[in-house]
$ cat upload-v7.cif   # mmCIF, C-alpha atoms
data_my_file
loop_
_atom_site.group_PDB
_atom_site.id
_atom_site.type_symbol
_atom_site.label_atom_id
_atom_site.label_comp_id
_atom_site.auth_asym_id
_atom_site.auth_seq_id
_atom_site.Cartn_x
_atom_site.Cartn_y
_atom_site.Cartn_z
ATOM 1 C CA MET C 184 22.766 -42.010 15.964
ATOM 2 C CA ALA C 185 19.483 -41.252 17.726
ATOM 3 C CA ALA C 186 16.459 -40.799 15.500
ATOM 4 C CA HIS C 187 14.977 -37.328 15.446
ATOM 5 C CA LYS C 188 11.254 -36.894 15.774
ATOM 6 C CA ILE C 189 9.650 -35.563 12.617
ATOM 7 C CA PRO C 190 8.035 -32.204 13.388
ATOM 8 C CA SER C 191 4.321 -31.816 12.762
ATOM 9 C CA LEU C 192 2.864 -29.247 10.375
ATOM 10 C CA THR C 193 0.465 -26.470 11.344
ATOM 11 C CA LEU C 194 -1.472 -24.387 8.834
ATOM 12 C CA GLY C 195 -1.928 -20.898 10.235
ATOM 13 C CA PRO C 196 -5.055 -18.814 9.658
ATOM 14 C CA VAL C 197 -5.667 -17.060 6.347
ATOM 15 C CA LEU C 198 -4.518 -13.525 7.129
ATOM 16 C CA TYR C 199 -6.024 -11.981 3.982
ATOM 17 C CA LEU C 200 -9.620 -11.289 3.015
ATOM 18 C CA TRP C 201 -10.731 -13.928 0.537
ATOM 19 C CA PRO C 202 -14.293 -14.258 -0.816
ATOM 20 C CA THR C 203 -16.425 -16.622 1.258
ATOM 21 C CA GLU C 204 -16.523 -19.351 -1.380
ATOM 22 C CA THR C 205 -12.760 -19.120 -1.996
ATOM 23 C CA TRP C 206 -12.065 -19.329 1.746
ATOM 24 C CA ARG C 207 -14.385 -22.331 2.123
ATOM 25 C CA ASP C 208 -13.037 -24.208 -0.888
ATOM 26 C CA PHE C 209 -9.458 -23.585 0.210
ATOM 27 C CA TYR C 210 -10.059 -25.331 3.530
ATOM 28 C CA LEU C 211 -12.086 -28.155 2.023
ATOM 29 C CA ARG C 212 -9.122 -28.962 -0.208
ATOM 30 C CA ILE C 213 -6.765 -28.691 2.772
ATOM 31 C CA ALA C 214 -8.962 -31.197 4.604
ATOM 32 C CA ASP C 215 -8.893 -33.674 1.741
ATOM 33 C CA GLU C 216 -5.348 -33.308 0.414
ATOM 34 C CA ALA C 217 -2.864 -31.478 2.662
ATOM 35 C CA PRO C 218 -0.587 -33.421 5.062
ATOM 36 C CA VAL C 219 -1.008 -30.944 7.920
ATOM 37 C CA ASP C 220 -1.796 -31.953 11.474
ATOM 38 C CA VAL C 221 -3.300 -28.729 12.845
ATOM 39 C CA VAL C 222 -5.368 -26.041 11.109
ATOM 40 C CA VAL C 223 -5.867 -22.646 12.756
ATOM 41 C CA LEU C 224 -9.097 -20.911 11.712
ATOM 42 C CA GLY C 225 -10.613 -17.538 12.440
ATOM 43 C CA GLU C 226 -10.158 -13.867 11.704
ATOM 44 C CA THR C 227 -6.857 -12.552 13.045
ATOM 45 C CA ILE C 228 -6.441 -9.158 11.363
ATOM 46 C CA CYS C 229 -9.736 -7.209 11.170
ATOM 47 C CA SER C 230 -12.987 -7.908 12.993
ATOM 48 C CA LYS C 231 -14.969 -6.355 10.112
ATOM 49 C CA ARG C 232 -14.086 -9.422 8.044
ATOM 50 C CA LEU C 233 -15.695 -11.924 10.425
ATOM 51 C CA HIS C 234 -19.012 -12.096 8.616
ATOM 52 C CA PHE C 235 -17.322 -13.366 5.445
ATOM 53 C CA MET C 236 -16.469 -16.700 7.084
ATOM 54 C CA GLU C 237 -19.373 -17.051 9.511
ATOM 55 C CA PRO C 238 -21.817 -18.679 7.009
ATOM 56 C CA VAL C 239 -19.404 -21.507 6.177
ATOM 57 C CA ILE C 240 -17.158 -21.999 9.187
ATOM 58 C CA ALA C 241 -19.220 -24.814 10.722
ATOM 59 C CA ALA C 242 -19.018 -26.823 7.503
ATOM 60 C CA VAL C 243 -15.282 -26.164 7.245
ATOM 61 C CA VAL C 244 -14.650 -27.277 10.836
ATOM 62 C CA ASP C 245 -16.680 -30.428 10.308
ATOM 63 C CA ARG C 246 -14.787 -31.313 7.120
ATOM 64 C CA LEU C 247 -11.373 -30.676 8.676
ATOM 65 C CA GLU C 248 -12.101 -32.693 11.794
ATOM 66 C CA SER C 249 -13.620 -35.517 9.768
ATOM 67 C CA ALA C 250 -10.308 -35.640 7.909
ATOM 68 C CA GLY C 251 -8.428 -36.041 11.187
ATOM 69 C CA LYS C 252 -7.107 -32.472 11.494
ATOM 70 C CA GLU C 253 -6.982 -30.702 14.847
ATOM 71 C CA VAL C 254 -8.815 -27.365 14.588
ATOM 72 C CA ARG C 255 -7.838 -24.319 16.626
ATOM 73 C CA PHE C 256 -9.406 -20.872 16.639
ATOM 74 C CA SER C 257 -7.350 -17.684 16.471
ATOM 75 C CA THR C 258 -8.125 -14.507 18.360
ATOM 76 C CA LEU C 259 -7.670 -11.060 16.869
ATOM 77 C CA ALA C 260 -4.133 -9.675 16.869
ATOM 78 C CA LEU C 261 -5.297 -6.164 17.812
ATOM 79 C CA VAL C 262 -8.303 -5.150 19.916
ATOM 80 C CA THR C 263 -9.451 -1.524 19.723
ATOM 81 C CA LEU C 264 -13.231 -1.691 20.274
ATOM 82 C CA ASP C 265 -15.522 -2.956 23.034
ATOM 83 C CA ARG C 266 -17.211 -5.369 20.630
ATOM 84 C CA GLU C 267 -13.815 -6.819 19.740
ATOM 85 C CA ALA C 268 -12.975 -7.305 23.405
ATOM 86 C CA GLU C 269 -16.284 -9.085 23.918
ATOM 87 C CA TYR C 270 -15.588 -11.243 20.875
ATOM 88 C CA GLN C 271 -12.268 -12.305 22.418
ATOM 89 C CA ARG C 272 -13.956 -13.167 25.713
ATOM 90 C CA SER C 273 -16.780 -15.103 24.073
ATOM 91 C CA LEU C 274 -14.317 -17.059 21.954
ATOM 92 C CA ALA C 275 -12.273 -17.985 25.020
ATOM 93 C CA ARG C 276 -15.356 -18.935 27.056
ATOM 94 C CA GLY C 277 -17.463 -20.626 24.430
ATOM 95 C CA SER C 278 -15.170 -22.842 22.364
ATOM 96 C CA SER C 279 -14.425 -26.451 23.244
ATOM 97 C CA ARG C 280 -11.448 -26.325 20.862
ATOM 98 C CA THR C 281 -8.006 -24.913 21.564
ATOM 99 C CA ILE C 282 -7.801 -21.133 21.272
ATOM 100 C CA GLU C 283 -4.704 -19.477 19.855
ATOM 101 C CA ALA C 284 -4.075 -16.130 21.528
ATOM 102 C CA ASN C 285 -2.588 -13.546 19.186
ATOM 103 C CA ASP C 286 -3.063 -10.593 21.531
ATOM 104 C CA LEU C 287 -2.396 -10.181 25.244
ATOM 105 C CA SER C 288 -6.009 -9.133 25.831
ATOM 106 C CA ALA C 289 -7.025 -12.771 25.406
ATOM 107 C CA LEU C 290 -4.741 -14.105 28.128
ATOM 108 C CA HIS C 291 -6.926 -13.152 31.095
ATOM 109 C CA ALA C 292 -9.942 -14.916 29.610
ATOM 110 C CA LEU C 293 -7.813 -17.993 28.844
ATOM 111 C CA LYS C 294 -6.079 -18.159 32.238
ATOM 112 C CA GLY C 295 -6.013 -21.696 33.589
ATOM 113 C CA LYS C 296 -7.336 -23.137 30.336
ATOM 114 C CA ALA C 297 -5.036 -24.972 27.932
ATOM 115 C CA HIS C 298 -4.386 -22.750 24.928
ATOM 116 C CA ALA C 299 -1.817 -21.860 22.256
ATOM 117 C CA ILE C 300 0.123 -18.650 21.651
ATOM 118 C CA GLY C 301 0.339 -17.319 18.111
ATOM 119 C CA PRO C 302 3.227 -15.525 16.364
ATOM 120 C CA PHE C 303 1.768 -12.053 16.978
ATOM 121 C CA VAL C 304 2.608 -12.258 20.702
ATOM 122 C CA ASN C 305 6.170 -11.108 21.351
ATOM 123 C CA VAL C 306 7.855 -14.056 23.042
ATOM 124 C CA TYR C 307 11.467 -12.918 23.000
ATOM 125 C CA ASN C 308 12.896 -14.717 26.025
ATOM 126 C CA ALA C 309 12.458 -17.768 28.253
ATOM 127 C CA ALA C 310 10.969 -15.748 31.115
ATOM 128 C CA THR C 311 8.058 -14.737 28.897
ATOM 129 C CA ALA C 312 7.577 -18.329 27.756
ATOM 130 C CA LYS C 313 7.527 -19.528 31.374
ATOM 131 C CA MET C 314 4.960 -16.870 32.326
ATOM 132 C CA LEU C 315 2.721 -17.881 29.433
ATOM 133 C CA ALA C 316 3.054 -21.551 30.394
ATOM 134 C CA ARG C 317 1.949 -20.753 33.955
ATOM 135 C CA ASN C 318 -1.114 -19.066 32.464
ATOM 136 C CA GLY C 319 -2.046 -22.250 30.591
ATOM 137 C CA ALA C 320 -0.185 -22.077 27.275
ATOM 138 C CA THR C 321 0.788 -25.523 25.988
ATOM 139 C CA LYS C 322 2.174 -24.460 22.600
ATOM 140 C CA ILE C 323 3.948 -21.281 21.499
ATOM 141 C CA CYS C 324 4.514 -20.226 17.890
ATOM 142 C CA LEU C 325 7.600 -18.047 18.242
ATOM 143 C CA PRO C 326 7.738 -14.674 16.455
ATOM 144 C CA PRO C 327 9.214 -15.038 12.958
ATOM 145 C CA GLU C 328 11.855 -12.353 13.514
ATOM 146 C CA LEU C 329 13.751 -14.406 16.117
ATOM 147 C CA PRO C 330 17.209 -15.676 15.112
ATOM 148 C CA SER C 331 17.976 -19.348 15.625
ATOM 149 C CA SER C 332 20.248 -18.547 18.587
ATOM 150 C CA SER C 333 17.329 -16.958 20.468
ATOM 151 C CA ILE C 334 15.011 -19.832 19.556
ATOM 152 C CA ARG C 335 17.439 -22.361 20.990
ATOM 153 C CA GLN C 336 17.906 -20.315 24.167
ATOM 154 C CA ILE C 337 14.156 -20.048 24.780
ATOM 155 C CA THR C 338 13.326 -23.677 24.072
ATOM 156 C CA SER C 339 16.181 -25.064 26.170
ATOM 157 C CA ALA C 340 15.472 -22.819 29.151
ATOM 158 C CA SER C 341 11.696 -23.283 29.096
ATOM 159 C CA PRO C 342 10.918 -26.798 27.814
ATOM 160 C CA GLU C 343 7.533 -27.096 29.520
ATOM 161 C CA VAL C 344 5.670 -26.108 26.345
ATOM 162 C CA ASP C 345 5.870 -27.214 22.712
ATOM 163 C CA TYR C 346 7.397 -24.735 20.294
ATOM 164 C CA GLU C 347 6.569 -23.942 16.697
ATOM 165 C CA PHE C 348 8.238 -21.625 14.246
ATOM 166 C CA PHE C 349 7.005 -19.679 11.249
ATOM 167 C CA ALA C 350 8.468 -21.734 8.407
ATOM 168 C CA PHE C 351 6.601 -20.376 5.373
ATOM 169 C CA GLY C 352 4.726 -17.225 4.408
ATOM 170 C CA ARG C 353 4.975 -13.478 4.077
ATOM 171 C CA LEU C 354 6.194 -12.169 7.425
ATOM 172 C CA PRO C 355 3.696 -10.357 9.664
ATOM 173 C CA LEU C 356 5.569 -7.146 10.451
ATOM 174 C CA ALA C 357 3.109 -4.683 11.974
ATOM 175 C CA ILE C 358 -0.542 -4.058 12.702
ATOM 176 C CA SER C 359 -2.243 -0.724 13.265
ATOM 177 C CA ALA C 360 -5.556 0.727 14.424
ATOM 178 C CA ARG C 361 -5.591 2.629 11.120
ATOM 179 C CA CYS C 362 -6.068 1.016 7.723
ATOM 180 C CA ALA C 363 -3.328 2.013 5.296
ATOM 181 C CA HIS C 364 -4.830 -0.323 2.687
ATOM 182 C CA ALA C 365 -8.086 1.648 2.623
ATOM 183 C CA ARG C 366 -6.217 4.958 2.752
ATOM 184 C CA SER C 367 -4.123 3.966 -0.274
ATOM 185 C CA LYS C 368 -7.339 3.655 -2.280
ATOM 186 C CA GLY C 369 -8.876 6.918 -1.107
ATOM 187 C CA ARG C 370 -11.147 5.457 1.567
ATOM 188 C CA THR C 371 -11.330 5.442 5.335
ATOM 189 C CA LYS C 372 -11.302 2.503 7.699
ATOM 190 C CA ASP C 373 -14.958 3.017 8.617
ATOM 191 C CA ASN C 374 -15.954 3.186 4.951
ATOM 192 C CA CYS C 375 -13.359 0.828 3.504
ATOM 193 C CA GLN C 376 -15.852 -1.179 1.418
ATOM 194 C CA PHE C 377 -13.480 -4.106 2.003
ATOM 195 C CA VAL C 378 -10.901 -2.932 -0.517
ATOM 196 C CA CYS C 379 -8.468 -5.504 0.897
ATOM 197 C CA LYS C 380 -10.501 -8.170 -0.909
ATOM 198 C CA GLU C 381 -9.093 -6.757 -4.151
ATOM 199 C CA ASP C 382 -5.602 -7.902 -3.095
ATOM 200 C CA PRO C 383 -5.839 -11.531 -1.928
ATOM 201 C CA ASP C 384 -2.085 -11.757 -1.353
ATOM 202 C CA GLY C 385 -1.561 -8.205 -0.119
ATOM 203 C CA LEU C 386 -1.166 -4.844 -1.896
ATOM 204 C CA PRO C 387 2.486 -4.359 -2.981
ATOM 205 C CA VAL C 388 4.303 -1.309 -1.644
ATOM 206 C CA LYS C 389 7.386 -0.008 -3.471
ATOM 207 C CA THR C 390 10.178 2.312 -2.434
ATOM 208 C CA LEU C 391 10.638 5.707 -4.103
ATOM 209 C CA SER C 392 13.087 4.024 -6.470
ATOM 210 C CA GLY C 393 10.448 1.459 -7.473
ATOM 211 C CA GLN C 394 11.780 -1.556 -5.591
ATOM 212 C CA PRO C 395 9.245 -3.971 -3.995
ATOM 213 C CA PHE C 396 9.403 -3.451 -0.255
ATOM 214 C CA LEU C 397 6.316 -4.459 1.728
ATOM 215 C CA ALA C 398 2.679 -5.414 1.215
ATOM 216 C CA LEU C 399 -0.477 -4.059 2.850
ATOM 217 C CA ASN C 400 -3.195 -6.347 4.154
ATOM 218 C CA GLY C 401 -5.892 -4.116 5.596
ATOM 219 C CA VAL C 402 -4.547 -2.826 8.921
ATOM 220 C CA GLN C 403 -1.586 -5.183 8.680
ATOM 221 C CA THR C 404 1.800 -4.771 7.014
ATOM 222 C CA VAL C 405 3.553 -7.896 5.748
ATOM 223 C CA SER C 406 6.865 -8.472 4.007
ATOM 224 C CA HIS C 407 7.296 -8.522 0.244
ATOM 225 C CA SER C 408 9.461 -11.618 0.515
ATOM 226 C CA CYS C 409 8.238 -14.996 1.713
ATOM 227 C CA GLN C 410 10.008 -16.536 4.685
ATOM 228 C CA ALA C 411 11.145 -20.107 4.027
ATOM 229 C CA ILE C 412 12.957 -21.916 6.827
ATOM 230 C CA LEU C 413 13.976 -25.170 5.196
ATOM 231 C CA GLN C 414 15.479 -27.541 7.757
ATOM 232 C CA ASP C 415 15.450 -31.284 8.137
ATOM 233 C CA ALA C 416 14.187 -33.079 11.237
ATOM 234 C CA ALA C 417 17.624 -33.205 12.882
ATOM 235 C CA GLU C 418 18.194 -29.452 12.528
ATOM 236 C CA THR C 419 14.710 -28.660 13.781
ATOM 237 C CA SER C 420 15.170 -30.957 16.753
ATOM 238 C CA VAL C 421 18.389 -29.180 17.753
ATOM 239 C CA LEU C 422 16.415 -25.948 17.986
ATOM 240 C CA GLY C 423 13.783 -27.569 20.222
ATOM 241 C CA ILE C 424 11.007 -27.087 17.660
ATOM 242 C CA THR C 425 8.179 -29.641 17.478
ATOM 243 C CA SER C 426 6.106 -28.143 14.646
ATOM 244 C CA LEU C 427 6.407 -25.876 11.621
ATOM 245 C CA ARG C 428 3.841 -23.232 10.715
ATOM 246 C CA LEU C 429 2.800 -22.621 7.123
ATOM 247 C CA SER C 430 0.983 -19.325 6.556
ATOM 248 C CA PRO C 431 -1.525 -19.411 3.650
ATOM 249 C CA GLN C 432 -0.665 -17.465 0.514
ATOM 250 C CA THR C 433 -2.353 -17.527 -2.898
ATOM 251 C CA CYS C 434 -0.004 -20.213 -4.184
ATOM 252 C CA ASP C 435 -0.828 -23.942 -4.071
ATOM 253 C CA MET C 436 -0.726 -24.520 -0.314
ATOM 254 C CA VAL C 437 -1.415 -28.256 -0.669
ATOM 255 C CA ALA C 438 1.770 -28.536 -2.727
ATOM 256 C CA VAL C 439 3.633 -26.387 -0.183
ATOM 257 C CA ALA C 440 2.478 -28.633 2.663
ATOM 258 C CA ARG C 441 3.531 -31.740 0.748
ATOM 259 C CA LEU C 442 6.942 -30.203 0.108
ATOM 260 C CA PHE C 443 7.515 -29.505 3.809
ATOM 261 C CA ALA C 444 6.270 -32.986 4.708
ATOM 262 C CA GLU C 445 8.828 -34.481 2.311
ATOM 263 C CA LEU C 446 11.558 -32.212 3.682
ATOM 264 C CA VAL C 447 11.113 -33.084 7.351
ATOM 265 C CA ALA C 448 10.746 -36.778 6.492
ATOM 266 C CA GLY C 449 14.128 -36.650 4.749
ATOM 267 C CA ARG C 450 12.795 -37.527 1.301
ATOM 268 C CA ILE C 451 14.159 -34.297 -0.227
ATOM 269 C CA ASP C 452 17.011 -32.042 0.855
ATOM 270 C CA PRO C 453 16.735 -28.307 1.597
ATOM 271 C CA GLU C 454 18.327 -27.340 -1.714
ATOM 272 C CA GLU C 455 15.686 -29.219 -3.694
ATOM 273 C CA ALA C 456 12.990 -27.844 -1.381
ATOM 274 C CA SER C 457 14.032 -24.224 -2.011
ATOM 275 C CA SER C 458 14.134 -24.782 -5.777
ATOM 276 C CA ARG C 459 10.666 -26.329 -5.817
ATOM 277 C CA LEU C 460 9.266 -23.706 -3.454
ATOM 278 C CA ALA C 461 10.466 -20.897 -5.702
ATOM 279 C CA ARG C 462 8.521 -22.472 -8.575
ATOM 280 C CA LEU C 463 5.396 -22.904 -6.434
ATOM 281 C CA TYR C 464 5.358 -19.228 -5.422
ATOM 282 C CA PRO C 465 6.871 -17.408 -8.413
ATOM 283 C CA GLY C 466 7.422 -13.672 -8.378
ATOM 284 C CA VAL C 467 7.914 -13.543 -4.607
ATOM 285 C CA PRO C 468 11.517 -13.917 -3.393
ATOM 286 C CA LEU C 469 12.268 -16.384 -0.608
ATOM 287 C CA SER C 470 13.961 -15.082 2.526
ATOM 288 C CA ASN C 471 15.430 -16.419 5.762
ATOM 289 C CA GLY C 472 17.552 -13.532 6.989
ATOM 290 C CA PHE C 473 15.929 -13.186 10.405
ATOM 291 C CA HIS C 474 16.747 -16.815 11.155
ATOM 292 C CA HIS C 475 20.439 -15.968 10.724
ATOM 293 C CA GLY C 476 20.357 -12.695 12.643
ATOM 294 C CA ARG C 477 20.446 -10.632 9.464
ATOM 295 C CA ALA C 478 18.004 -8.423 7.564
ATOM 296 C CA GLY C 479 14.765 -10.374 7.217
ATOM 297 C CA ALA C 480 14.523 -9.987 3.444
ATOM 298 C CA GLU C 481 17.896 -11.651 2.826
ATOM 299 C CA TRP C 482 18.337 -15.197 1.573
ATOM 300 C CA VAL C 483 21.197 -17.007 3.295
ATOM 301 C CA SER C 484 22.391 -20.156 1.582
ATOM 302 C CA ARG C 485 23.036 -23.352 3.497
ATOM 303 C CA LEU C 486 26.420 -22.457 4.934
ATOM 304 C CA ARG C 487 26.973 -24.211 8.205
ATOM 305 C CA ASN C 488 27.748 -21.973 11.120
ATOM 306 C CA ASN C 489 27.426 -21.925 14.861
ATOM 307 C CA GLU C 490 23.717 -21.083 14.640
ATOM 308 C CA GLY C 491 22.705 -23.982 12.390
ATOM 309 C CA VAL C 492 21.611 -23.802 8.775
ATOM 310 C CA ALA C 493 18.711 -22.368 6.826
#
$ encode --input "upload-v7.cif" --output "structure tokens"
Amino acid sequence: MAAHKIPSLTLGPVLYLWPTETWRDFYLRIADEAPVDVVVLGETICSKRLHFMEPVIAAVVDRLESAGKEVRFSTLALVTLDREAEYQRSLARGSSRTIEANDLSALHALKGKAHAIGPFVNVYNAATAKMLARNGATKICLPPELPSSSIRQITSASPEVDYEFFAFGRLPLAISARCAHARSKGRTKDNCQFVCKEDPDGLPVKTLSGQPFLALNGVQTVSHSCQAILQDAAETSVLGITSLRLSPQTCDMVAVARLFAELVAGRIDPEEASSRLARLYPGVPLSNGFHHGRAGAEWVSRLRNNEGVA
């Protein structure tokens, strides 16, 4: 039997607003202890948060690269202001590191320059992947709502880029020009006073019957459940995936990264991985429904079917 290449691990950007020191210390520990190959930095959700990381980002980049990690910079996922558009252009022009585009507005500035595509760009078919590759994309993190059948179709029909999928984290569901997080606390977007910092893992939203449903993260809406796609190297290879993305939450992300490293290396099986992951991130249900073409919040056990396994 042919050996399957072990997929690499990518740590996505922190999507929440964490205090500067917390954000810095998180990445310093990632540099020293986490078995991830790529770390994506930068503000993705709200440009007003940029100044929280600016004083320490140079030190964080230096520490990560000294530890042998590849550093990429993320663009904003939504551009609504001229200053945000200029920020996107300056990031694309001025960085010697790979830029991850999370909004189509960045593609013109990145044209002809090797770059990555983040999960906020809707890559739903092979034609889109081919177009992005012609523009200079060398890696695409596919949207987390894609079922495994669609992933396989895209990767097999457009193999000219490397593909990544969203293997761990609350699912990014929507982003808006308005800030529901600020509104929920009686403030406006322009005078938000950074209320999102009060909820470092998102503000829970419940249904009228009191059931946990979603979470607010500034202008972003994320899932209540945490996606966990737990596959071994052989299963990942069948899908044409070369790397797994871990999205930072307030749990122990070094332990999460180690768990995924053990999983893809074959040192633990998916059942053990799901049990350990549930203990690492207690109080937040695991989900993988989208991967099986079902409701995203569902958890589908490892029943083999024509689409693979969870």
$ residues_around --input "upload-v7.cif" --residues "Asp415 (chain C)" --least-positions-apart "3" --cutoff "10 Å" --atoms "all atoms listed in the file" --output "PyMOL selection string"
chain C and resi 187+189-190+412+418-420+443-453+492-493
$ closest_residue --input "upload-v7.cif" --among "C:Gly385, C:Gly401, C:Gly352, C:Pro342" --to "Pro468 (chain C)" --atoms "all atoms listed in the file"
C:Gly352
$ resolve_selection --input "upload-v7.cif" --expression "the PyMOL selection byres ((chain C and resi 196) around 8)" --output "count of residues only"
13
$ resolve_selection --input "upload-v7.cif" --expression "the PyMOL selection byres ((chain C and resi 389-399) around 10)" --output "JSON, numbers by chain"
{"C": [199, 353, 354, 355, 356, 357, 358, 362, 363, 364, 365, 367, 379, 382, 384, 385, 386, 387, 388, 400, 401, 402, 403, 404, 405, 406, 407, 408, 467, 480]}
$ closest_residue --input "upload-v7.cif" --among "C:Ala320, C:Val262, C:Ala310, C:Glu269" --to "Lys294 (chain C)" --atoms "all atoms listed in the file"
C:Ala320
$ residues_around --input "upload-v7.cif" --residues "Gly251 (chain C)" --least-positions-apart "2" --cutoff "12 Å" --atoms "only C-alpha atoms" --output "list in words"
Ile213, Ala214, Asp215, Glu216, Ala217, Pro218, Val219, Asp220, Val221, Val222, Val244, Asp245, Arg246, Leu247, Glu248, Ser249, Glu253 and Val254 of chain C
$ residues_around --input "upload-v7.cif" --residues "Val306 (chain C)" --least-positions-apart "2" --cutoff "10 Å" --atoms "only C-alpha atoms" --output "count of residues only"
19
$ residues_near_point --input "upload-v7.cif" --point "(6.2, -30.1, 18.5)" --cutoff "9 Å" --atoms "all atoms listed in the file" --output "NGL selection string"
:C and (188-192 or 322 or 344-347 or 423-427)
$ write_last_selection --input "upload-v7.cif" --atoms "C-alpha atoms" --output "compact mmCIF listing (two decimals), keeping the file's coordinate frame"
# COMPACT_ATOMS: atom_id res chain seq x y z
CA LYS C 188 11.25 -36.89 15.77
CA ILE C 189 9.65 -35.56 12.62
CA PRO C 190 8.04 -32.20 13.39
CA SER C 191 4.32 -31.82 12.76
CA LEU C 192 2.86 -29.25 10.38
CA LYS C 322 2.17 -24.46 22.60
CA VAL C 344 5.67 -26.11 26.34
CA ASP C 345 5.87 -27.21 22.71
CA TYR C 346 7.40 -24.74 20.29
CA GLU C 347 6.57 -23.94 16.70
CA GLY C 423 13.78 -27.57 20.22
CA ILE C 424 11.01 -27.09 17.66
CA THR C 425 8.18 -29.64 17.48
CA SER C 426 6.11 -28.14 14.65
CA LEU C 427 6.41 -25.88 11.62
$ resolve_selection --input "upload-v7.cif" --expression "the PyMOL selection byres ((chain C and resi 436) around 10)" --output "PyMOL selection string"
chain C and resi 194+209+212-213+216-217+429-435+437-442+463-464
$ closest_residue --input "upload-v7.cif" --among "C:Ala289, C:Ala360, C:Ala350, C:Val243" --to "Arg428 (chain C)" --atoms "all atoms listed in the file"
C:Ala350
$ atom_distance --input "upload-v7.cif" --atom1 "CA of Phe256 (chain C)" --atom2 "CA of Ser273 (chain C)"
12.0 Å
$ residues_near_point --input "upload-v7.cif" --point "(-13.6, -11.3, 5.5)" --cutoff "10 Å" --atoms "only C-alpha atoms" --output "PyMOL selection string"
chain C and resi 197-203+206+225-226+228-237+377+379-380
$ atom_distance --input "upload-v7.cif" --atom1 "CA of His298 (chain C)" --atom2 "CA of Ala416 (chain C)"
25.3 Å
$ atom_distance --input "upload-v7.cif" --atom1 "CA of Phe348 (chain C)" --atom2 "CA of Pro327 (chain C)"
6.8 Å
$ closest_residue --input "upload-v7.cif" --among "C:Thr205, C:Gly369, C:Glu381, C:Lys296" --to "Gly277 (chain C)" --atoms "only C-alpha atoms"
C:Lys296
